[in-house]
>>> print(open('target.txt').read())   # compact mmCIF, C-alpha atoms
# COMPACT_ATOMS: atom_id res chain seq x y z
CA MET A 1 0.00 0.00 0.00
CA ARG A 2 1.38 3.40 -0.96
CA VAL A 3 0.54 7.06 -1.49
CA ILE A 4 -0.15 7.51 -5.19
CA ALA A 5 0.04 11.29 -5.69
CA GLY A 6 0.97 14.58 -4.06
CA ILE A 7 3.88 15.50 -1.83
CA PHE A 8 4.18 11.95 -0.44
CA ARG A 9 3.82 10.23 -3.81
CA GLY A 10 5.37 6.76 -3.82
CA ARG A 11 5.81 6.55 -0.05
CA LEU A 12 4.92 3.13 1.32
CA LEU A 13 2.36 2.78 4.10
CA GLU A 14 2.37 0.11 6.76
CA SER A 15 -0.66 -2.20 6.93
CA PRO A 16 -1.77 -4.16 10.00
CA PRO A 17 -1.24 -7.92 9.90
CA GLY A 18 -4.15 -10.24 9.18
CA GLN A 19 -7.45 -9.35 7.59
CA SER A 20 -8.82 -6.80 10.04
CA THR A 21 -8.76 -4.10 7.34
CA ARG A 22 -9.54 -3.98 3.60
CA PRO A 23 -6.80 -1.94 1.88
CA ILE A 24 -8.11 0.03 -1.08
CA THR A 25 -6.27 -0.70 -4.32
CA ASP A 26 -4.21 1.95 -6.08
CA ARG A 27 -6.55 1.85 -9.08
CA VAL A 28 -9.68 2.46 -7.01
CA LYS A 29 -7.98 5.13 -4.94
CA GLU A 30 -6.83 6.92 -8.09
CA THR A 31 -10.36 6.81 -9.51
CA LEU A 32 -11.81 8.17 -6.27
CA PHE A 33 -9.35 11.03 -5.93
CA ASN A 34 -9.72 11.98 -9.58
CA ILE A 35 -13.45 12.40 -8.94
CA LEU A 36 -12.81 14.37 -5.75
CA GLY A 37 -10.21 16.56 -7.41
CA HIS A 38 -12.61 17.37 -10.24
CA ARG A 39 -15.44 18.25 -7.88
CA LEU A 40 -13.50 20.06 -5.16
CA ALA A 41 -10.45 21.61 -6.85
CA LEU A 42 -8.11 20.84 -9.75
CA PRO A 43 -7.52 17.29 -11.01
CA GLY A 44 -4.96 15.53 -8.83
CA THR A 45 -5.23 17.97 -5.92
CA LEU A 46 -7.56 18.92 -3.10
CA PRO A 47 -8.33 22.29 -1.51
CA GLU A 48 -7.09 23.00 2.01
CA VAL A 49 -10.04 21.31 3.66
CA GLU A 50 -10.19 19.48 6.96
CA VAL A 51 -10.81 15.73 6.54
CA LEU A 52 -12.58 13.16 8.70
CA ASP A 53 -11.54 9.55 8.05
CA LEU A 54 -13.85 7.06 9.79
CA PHE A 55 -13.03 3.36 10.11
CA CYS A 56 -9.67 4.58 8.84
CA GLY A 57 -7.54 1.45 9.31
CA PRO A 58 -3.90 2.43 8.69
CA GLY A 59 -5.02 5.81 7.29
CA SER A 60 -4.62 5.30 3.56
CA LEU A 61 -7.47 7.62 2.47
CA GLY A 62 -6.79 10.40 4.95
CA ILE A 63 -3.05 10.37 4.25
CA GLU A 64 -3.72 10.46 0.49
CA ALA A 65 -5.93 13.52 1.05
CA LEU A 66 -3.20 15.23 3.08
CA SER A 67 -0.64 14.43 0.40
CA ARG A 68 -2.88 16.14 -2.17
CA GLY A 69 -3.44 19.38 -0.27
CA ALA A 70 -5.86 18.85 2.63
CA ARG A 71 -4.70 20.82 5.67
CA ALA A 72 -5.63 18.45 8.53
CA CYS A 73 -7.26 15.09 9.20
CA THR A 74 -9.06 13.46 12.10
CA PHE A 75 -8.70 9.66 12.01
CA VAL A 76 -11.18 7.42 13.84
CA GLU A 77 -10.37 3.75 14.44
CA ARG A 78 -10.70 1.26 17.29
CA ASP A 79 -8.77 -1.81 16.07
CA ARG A 80 -5.52 -2.00 18.01
CA GLN A 81 -3.34 -3.31 15.18
CA ALA A 82 -4.74 -0.78 12.72
CA LEU A 83 -4.07 2.03 15.19
CA LEU A 84 -0.45 0.95 15.58
CA ALA A 85 0.02 1.00 11.79
CA LEU A 86 -1.75 4.37 11.52
CA ARG A 87 0.41 6.02 14.17
CA HIS A 88 3.53 4.59 12.54
CA ASN A 89 2.51 5.97 9.13
CA LEU A 90 1.77 9.43 10.51
CA ALA A 91 5.08 9.54 12.40
CA ARG A 92 7.12 8.35 9.44
CA LEU A 93 5.60 11.03 7.18
CA GLY A 94 5.84 13.78 9.79
CA LEU A 95 2.06 14.29 9.80
CA GLU A 96 1.42 14.13 13.53
CA PRO A 97 1.14 17.95 14.00
CA THR A 98 -1.73 18.19 11.50
CA CYS A 99 -3.60 15.04 12.56
CA THR A 100 -5.82 13.85 15.39
CA VAL A 101 -6.24 10.14 16.13
CA MET A 102 -9.39 9.09 17.98
CA THR A 103 -9.87 5.61 19.42
CA ASP A 104 -13.61 5.38 19.12
CA ASN A 105 -16.50 3.42 17.64
CA ALA A 106 -17.58 5.41 14.59
CA TRP A 107 -21.04 3.81 14.67
CA THR A 108 -21.88 5.34 18.05
CA MET A 109 -19.58 8.34 18.48
CA ARG A 110 -21.04 11.80 18.87
CA PRO A 111 -20.78 14.25 15.94
CA LEU A 112 -17.63 16.33 16.08
CA SER A 113 -17.98 20.08 16.52
CA PRO A 114 -18.19 22.68 15.22
CA PRO A 115 -20.90 21.99 12.61
CA GLY A 116 -19.72 22.17 9.02
CA ARG A 117 -16.15 21.49 10.08
CA PHE A 118 -15.12 18.92 7.47
CA GLY A 119 -14.84 19.53 3.74
CA LEU A 120 -14.31 15.81 3.11
CA ILE A 121 -15.54 12.80 5.10
CA PHE A 122 -14.54 9.21 4.35
CA VAL A 123 -16.85 6.49 5.67
CA ASP A 124 -15.31 3.04 5.15
CA PRO A 125 -16.94 0.55 7.55
CA PRO A 126 -16.26 -3.19 7.52
CA TYR A 127 -18.45 -4.81 4.90
CA ARG A 128 -19.97 -7.19 7.44
CA ASP A 129 -21.35 -4.19 9.37
CA THR A 130 -23.20 -2.64 6.43
CA GLN A 131 -25.76 -5.34 5.67
CA ASP A 132 -28.54 -3.24 7.23
CA PRO A 133 -29.04 -0.13 5.03
CA LEU A 134 -31.03 1.59 7.79
CA ARG A 135 -28.00 1.40 10.06
CA VAL A 136 -25.89 3.02 7.34
CA VAL A 137 -28.52 5.73 6.80
CA ASP A 138 -28.52 6.51 10.51
CA LEU A 139 -24.73 6.89 10.51
CA LEU A 140 -24.71 9.12 7.41
CA GLU A 141 -27.45 11.36 8.78
CA ARG A 142 -25.61 11.76 12.09
CA LEU A 143 -22.48 12.73 10.20
CA ALA A 144 -24.23 15.20 7.89
CA PRO A 145 -24.08 18.22 10.26
CA SER A 146 -20.29 17.85 10.42
CA LEU A 147 -19.98 18.17 6.63
CA ALA A 148 -19.24 21.59 5.17
CA ALA A 149 -22.00 23.08 3.02
CA ASP A 150 -19.93 22.52 -0.13
CA GLY A 151 -18.15 19.40 1.13
CA LEU A 152 -18.37 15.77 0.06
CA MET A 153 -18.86 12.51 1.92
CA VAL A 154 -17.48 9.25 0.49
CA LEU A 155 -19.09 5.93 1.46
CA ARG A 156 -17.35 2.68 0.53
CA LEU A 157 -19.46 -0.50 0.43
CA SER A 158 -19.21 -3.97 -1.01
CA ALA A 159 -20.64 -4.35 -4.51
CA GLN A 160 -23.35 -6.62 -3.09
CA ALA A 161 -24.44 -4.28 -0.31
CA ALA A 162 -27.85 -2.64 -0.56
CA VAL A 163 -27.39 1.05 -1.27
CA PRO A 164 -29.21 3.24 1.24
CA PRO A 165 -32.32 4.53 -0.58
CA PRO A 166 -32.13 8.23 -1.52
CA GLY A 167 -35.60 8.71 -0.09
CA GLY A 168 -34.32 7.59 3.28
CA LEU A 169 -31.83 10.45 3.47
CA ARG A 170 -33.09 13.82 4.70
CA LEU A 171 -29.83 15.75 5.04
CA LEU A 172 -27.77 14.24 2.20
CA ARG A 173 -28.13 13.46 -1.50
CA TYR A 174 -26.14 11.30 -3.90
CA VAL A 175 -23.87 13.08 -6.39
CA ASP A 176 -21.97 10.11 -7.82
CA GLN A 177 -21.84 6.33 -7.65
CA ARG A 178 -19.14 4.02 -9.03
CA ARG A 179 -18.81 0.23 -8.97
CA THR A 180 -15.38 -1.28 -9.37
CA GLY A 181 -14.53 -4.90 -8.74
CA ARG A 182 -16.02 -6.05 -5.46
CA MET A 183 -16.80 -2.59 -4.11
CA GLN A 184 -18.84 0.51 -4.77
CA LEU A 185 -18.12 4.14 -3.97
CA LEU A 186 -20.91 6.60 -3.25
CA LEU A 187 -20.38 10.36 -3.04
CA LEU A 188 -22.87 12.44 -1.10
CA ALA A 189 -23.40 16.15 -0.48
CA ARG A 190 -25.69 18.11 1.79
CA THR A 191 -29.19 18.66 0.49
CA ASP A 192 -28.99 22.38 1.23
CA TRP A 193 -26.11 22.81 -1.26
CA PRO A 194 -27.20 23.32 -4.89
CA ALA A 195 -26.84 20.36 -7.22
CA ALA A 196 -24.16 20.60 -9.90
CA THR A 197 -25.27 21.90 -13.29
CA ALA A 198 -24.52 20.10 -16.54
CA ASP A 199 -21.54 22.41 -17.05
CA ASP A 200 -20.04 21.21 -13.74
CA GLN A 201 -20.10 17.51 -14.61
>>> encode(input="target.txt", output="C-alpha cells")
Amino acid sequence: MRVIAGIFRGRLLESPPGQSTRPITDRVKETLFNILGHRLALPGTLPEVEVLDLFCGPGSLGIEALSRGARACTFVERDRQALLALRHNLARLGLEPTCTVMTDNAWTMRPLSPPGRFGLIFVDPPYRDTQDPLRVVDLLERLAPSLAADGLMVLRLSAQAAVPPPGGLRLLRYVDQRRTGRMQLLLLARTDWPAATADDQ
C-alpha cells in the first residue's frame, strides 16, 4: 500500500497484519481522488479542507488527502493493530502535528464540533457491518451536520451491499456512484447545497 500522488507520492504505508482491514487498491484510490479533485479543486489535488476519516484502518485515504493538499485530518479507528500501523505511518511522514487520532466506535460516536467542520468525510466501515441499510442511513445522517456546506462525503461498500435509498436520506443526496470490482463508492453532499449543473459535470 502506498501514497499515489501529491507530496508523499510513492511513499509506502504500513498495513496491519491479518485481515482486520480492507486496503483500497491503487486503481480504485486513483479513480476516487480523480473524482474528488474534479469536484472540489483541480484534477490531482484537493483544496485545504479538513478531513474526517472514519473506520480509517492504517489511514490510507486520509493520508492520500493530506498528500494532495488537505490541511488536517481526524482519524477514527478502534482496532488495536490498525491504530499501531496508523500512528507509525503518521510519524514516518511527519504528519502528527496536522492530525488527530481518535480511538472510538464510529457507529456510536457523537458528531464532532463545530458543525460544518469537514470539507471531506470518508466512511469506510467493515463490509460485514453494512448489511442493514437503515444502520448506514442513521450513521450518514448523524455525520451530515459535520460536513461543510460545499463538502463531500465518500461511502465505501461492497458491490453486493444494498445502497441506502435516496428517499431515506433527509440531510444528504447522492452526487456520484461508481462500482469497481467487489466494491462501490458513493459520493454524497448536503441537500442544502445546490446540485451541480450540466456544465459542472
>>> residues_near_point(input="target.txt", point="(-5.7, 16.1, 4.7)", cutoff="9 Å", atoms="only C-alpha atoms", output="PyMOL selection string")
chain A and resi 46+48-52+61-74+98-99+120
>>> closest_residue(input="target.txt", among="A:Pro43, A:Pro114, A:Pro16, A:Pro125", to="Asn89 (chain A)", atoms="all atoms listed in the file")
A:Pro16
>>> residues_around(input="target.txt", residues="Thr180 (chain A)", least_positions_apart="6", cutoff="12 Å", atoms="all atoms listed in the file", output="JSON, numbers by chain")
{"A": [24, 25, 27, 28, 29, 30, 31, 32, 156, 157, 158, 159, 160, 186]}
>>> residues_near_point(input="target.txt", point="(-14.0, 9.2, 4.9)", cutoff="6 Å", atoms="all atoms listed in the file", output="ChimeraX atom specification")
/A:52-54,121-123,154
>>> closest_residue(input="target.txt", among="A:Pro58, A:Pro97, A:Pro126, A:Pro145", to="Ala161 (chain A)", atoms="only C-alpha atoms")
A:Pro126
>>> atom_distance(input="target.txt", atom1="CA of Phe75 (chain A)", atom2="CA of Gly151 (chain A)")
17.4 Å
>>> atom_distance(input="target.txt", atom1="CA of Thr45 (chain A)", atom2="CA of Ala148 (chain A)")
18.2 Å
>>> residues_around(input="target.txt", residues="Ser15 (chain A)", least_positions_apart="2", cutoff="9 Å", atoms="only C-alpha atoms", output="compact mmCIF listing (two decimals) with C-alpha atoms, in the frame of the given file")
# COMPACT_ATOMS: atom_id res chain seq x y z
CA MET A 1 0.00 0.00 0.00
CA LEU A 13 2.36 2.78 4.10
CA PRO A 17 -1.24 -7.92 9.90
CA THR A 21 -8.76 -4.10 7.34
CA PRO A 23 -6.80 -1.94 1.88
CA GLY A 57 -7.54 1.45 9.31
CA PRO A 58 -3.90 2.43 8.69
CA GLN A 81 -3.34 -3.31 15.18
CA ALA A 82 -4.74 -0.78 12.72
CA ALA A 85 0.02 1.00 11.79
CA LEU A 86 -1.75 4.37 11.52
>>> residues_around(input="target.txt", residues="Leu143 (chain A)", least_positions_apart="4", cutoff="9 Å", atoms="all atoms listed in the file", output="VMD selection string")
chain A and resid 110 to 112 121 138 to 139 147
>>> axis_aligned_box(input="target.txt", around="region 22-35 of chain A", padding_each_side="4 Å", output="AutoDock Vina command-line options")
--center_x -8.8 --center_y 4.2 --center_z -3.0 --size_x 17.2 --size_y 24.4 --size_z 21.2
>>> closest_residue(input="target.txt", among="A:Leu152, A:Ala144, A:Thr130, A:Val76", to="Pro164 (chain A)", atoms="all atoms listed in the file")
A:Thr130
>>> atom_distance(input="target.txt", atom1="CA of Ser60 (chain A)", atom2="CA of Val3 (chain A)")
7.4 Å
>>> closest_residue(input="target.txt", among="A:Pro165, A:Leu155, A:Leu36, A:Trp107", to="Gly119 (chain A)", atoms="all atoms listed in the file")
A:Leu36
>>> closest_residue(input="target.txt", among="A:Val101, A:Leu95, A:Ala162, A:Ala149", to="Asp129 (chain A)", atoms="only C-alpha atoms")
A:Ala162
>>> closest_residue(input="target.txt", among="A:Ala41, A:Ala106, A:Val163, A:Leu83", to="Arg178 (chain A)", atoms="only C-alpha atoms")
A:Val163
>>> build_atoms(input="target.txt", residues="region 58-88 of chain A", atoms="N, CA and C atoms", output="PDB file, in the frame of the given file")
ATOM      1  N   PRO A  58      -5.228   1.827   8.589  1.00  0.00           N
ATOM      2  CA  PRO A  58      -3.900   2.430   8.690  1.00  0.00           C
ATOM      3  C   PRO A  58      -3.827   3.849   8.112  1.00  0.00           C
ATOM      4  N   GLY A  59      -4.982   4.398   7.684  1.00  0.00           N
ATOM      5  CA  GLY A  59      -5.020   5.810   7.290  1.00  0.00           C
ATOM      6  C   GLY A  59      -4.791   6.096   5.826  1.00  0.00           C
ATOM      7  N   SER A  60      -4.956   5.118   4.961  1.00  0.00           N
ATOM      8  CA  SER A  60      -4.620   5.300   3.560  1.00  0.00           C
ATOM      9  C   SER A  60      -5.371   6.461   2.898  1.00  0.00           C
ATOM     10  N   LEU A  61      -6.693   6.573   3.134  1.00  0.00           N
ATOM     11  CA  LEU A  61      -7.470   7.620   2.470  1.00  0.00           C
ATOM     12  C   LEU A  61      -7.155   8.996   3.035  1.00  0.00           C
ATOM     13  N   GLY A  62      -7.100   9.114   4.348  1.00  0.00           N
ATOM     14  CA  GLY A  62      -6.790  10.400   4.950  1.00  0.00           C
ATOM     15  C   GLY A  62      -5.397  10.886   4.599  1.00  0.00           C
ATOM     16  N   ILE A  63      -4.428   9.991   4.598  1.00  0.00           N
ATOM     17  CA  ILE A  63      -3.050  10.370   4.250  1.00  0.00           C
ATOM     18  C   ILE A  63      -2.968  10.780   2.789  1.00  0.00           C
ATOM     19  N   GLU A  64      -3.686  10.071   1.909  1.00  0.00           N
ATOM     20  CA  GLU A  64      -3.720  10.460   0.490  1.00  0.00           C
ATOM     21  C   GLU A  64      -4.289  11.875   0.340  1.00  0.00           C
ATOM     22  N   ALA A  65      -5.341  12.176   1.107  1.00  0.00           N
ATOM     23  CA  ALA A  65      -5.930  13.520   1.050  1.00  0.00           C
ATOM     24  C   ALA A  65      -4.935  14.578   1.528  1.00  0.00           C
ATOM     25  N   LEU A  66      -4.203  14.288   2.592  1.00  0.00           N
ATOM     26  CA  LEU A  66      -3.200  15.230   3.080  1.00  0.00           C
ATOM     27  C   LEU A  66      -2.087  15.422   2.059  1.00  0.00           C
ATOM     28  N   SER A  67      -1.686  14.344   1.415  1.00  0.00           N
ATOM     29  CA  SER A  67      -0.640  14.430   0.400  1.00  0.00           C
ATOM     30  C   SER A  67      -1.063  15.324  -0.758  1.00  0.00           C
ATOM     31  N   ARG A  68      -2.361  15.384  -1.024  1.00  0.00           N
ATOM     32  CA  ARG A  68      -2.880  16.140  -2.170  1.00  0.00           C
ATOM     33  C   ARG A  68      -3.337  17.549  -1.818  1.00  0.00           C
ATOM     34  N   GLY A  69      -3.148  17.983  -0.574  1.00  0.00           N
ATOM     35  CA  GLY A  69      -3.440  19.380  -0.270  1.00  0.00           C
ATOM     36  C   GLY A  69      -4.361  19.648   0.894  1.00  0.00           C
ATOM     37  N   ALA A  70      -5.025  18.621   1.453  1.00  0.00           N
ATOM     38  CA  ALA A  70      -5.860  18.850   2.630  1.00  0.00           C
ATOM     39  C   ALA A  70      -4.983  19.347   3.777  1.00  0.00           C
ATOM     40  N   ARG A  71      -5.537  20.193   4.638  1.00  0.00           N
ATOM     41  CA  ARG A  71      -4.700  20.820   5.670  1.00  0.00           C
ATOM     42  C   ARG A  71      -4.627  20.040   6.974  1.00  0.00           C
ATOM     43  N   ALA A  72      -5.621  19.192   7.266  1.00  0.00           N
ATOM     44  CA  ALA A  72      -5.630  18.450   8.530  1.00  0.00           C
ATOM     45  C   ALA A  72      -6.576  17.265   8.383  1.00  0.00           C
ATOM     46  N   CYS A  73      -6.393  16.266   9.249  1.00  0.00           N
ATOM     47  CA  CYS A  73      -7.260  15.090   9.200  1.00  0.00           C
ATOM     48  C   CYS A  73      -7.479  14.546  10.606  1.00  0.00           C
ATOM     49  N   THR A  74      -8.713  14.172  10.882  1.00  0.00           N
ATOM     50  CA  THR A  74      -9.060  13.460  12.100  1.00  0.00           C
ATOM     51  C   THR A  74      -9.341  12.007  11.721  1.00  0.00           C
ATOM     52  N   PHE A  75      -8.573  11.091  12.292  1.00  0.00           N
ATOM     53  CA  PHE A  75      -8.700   9.660  12.010  1.00  0.00           C
ATOM     54  C   PHE A  75      -9.463   8.995  13.160  1.00  0.00           C
ATOM     55  N   VAL A  76     -10.410   8.129  12.823  1.00  0.00           N
ATOM     56  CA  VAL A  76     -11.180   7.420  13.840  1.00  0.00           C
ATOM     57  C   VAL A  76     -11.067   5.915  13.574  1.00  0.00           C
ATOM     58  N   GLU A  77     -10.576   5.200  14.569  1.00  0.00           N
ATOM     59  CA  GLU A  77     -10.370   3.750  14.440  1.00  0.00           C
ATOM     60  C   GLU A  77     -10.343   3.151  15.849  1.00  0.00           C
ATOM     61  N   ARG A  78     -10.753   1.893  15.969  1.00  0.00           N
ATOM     62  CA  ARG A  78     -10.700   1.260  17.290  1.00  0.00           C
ATOM     63  C   ARG A  78      -9.920  -0.057  17.303  1.00  0.00           C
ATOM     64  N   ASP A  79      -9.558  -0.591  16.118  1.00  0.00           N
ATOM     65  CA  ASP A  79      -8.770  -1.810  16.070  1.00  0.00           C
ATOM     66  C   ASP A  79      -7.331  -1.518  16.485  1.00  0.00           C
ATOM     67  N   ARG A  80      -6.834  -2.284  17.436  1.00  0.00           N
ATOM     68  CA  ARG A  80      -5.520  -2.000  18.010  1.00  0.00           C
ATOM     69  C   ARG A  80      -4.399  -2.094  16.977  1.00  0.00           C
ATOM     70  N   GLN A  81      -4.397  -3.143  16.164  1.00  0.00           N
ATOM     71  CA  GLN A  81      -3.340  -3.310  15.180  1.00  0.00           C
ATOM     72  C   GLN A  81      -3.401  -2.215  14.108  1.00  0.00           C
ATOM     73  N   ALA A  82      -4.606  -1.850  13.700  1.00  0.00           N
ATOM     74  CA  ALA A  82      -4.740  -0.780  12.720  1.00  0.00           C
ATOM     75  C   ALA A  82      -4.251   0.546  13.292  1.00  0.00           C
ATOM     76  N   LEU A  83      -4.528   0.795  14.557  1.00  0.00           N
ATOM     77  CA  LEU A  83      -4.070   2.030  15.190  1.00  0.00           C
ATOM     78  C   LEU A  83      -2.542   2.098  15.253  1.00  0.00           C
ATOM     79  N   LEU A  84      -1.913   0.975  15.548  1.00  0.00           N
ATOM     80  CA  LEU A  84      -0.450   0.950  15.580  1.00  0.00           C
ATOM     81  C   LEU A  84       0.126   1.295  14.204  1.00  0.00           C
ATOM     82  N   ALA A  85      -0.448   0.705  13.145  1.00  0.00           N
ATOM     83  CA  ALA A  85       0.020   1.000  11.790  1.00  0.00           C
ATOM     84  C   ALA A  85      -0.243   2.448  11.426  1.00  0.00           C
ATOM     85  N   LEU A  86      -1.414   2.965  11.804  1.00  0.00           N
ATOM     86  CA  LEU A  86      -1.750   4.370  11.520  1.00  0.00           C
ATOM     87  C   LEU A  86      -0.755   5.312  12.178  1.00  0.00           C
ATOM     88  N   ARG A  87      -0.508   5.123  13.464  1.00  0.00           N
ATOM     89  CA  ARG A  87       0.410   6.020  14.170  1.00  0.00           C
ATOM     90  C   ARG A  87       1.822   5.938  13.580  1.00  0.00           C
ATOM     91  N   HIS A  88       2.222   4.741  13.173  1.00  0.00           N
ATOM     92  CA  HIS A  88       3.530   4.590  12.540  1.00  0.00           C
ATOM     93  C   HIS A  88       3.586   5.354  11.223  1.00  0.00           C
TER      94      HIS A  88
END
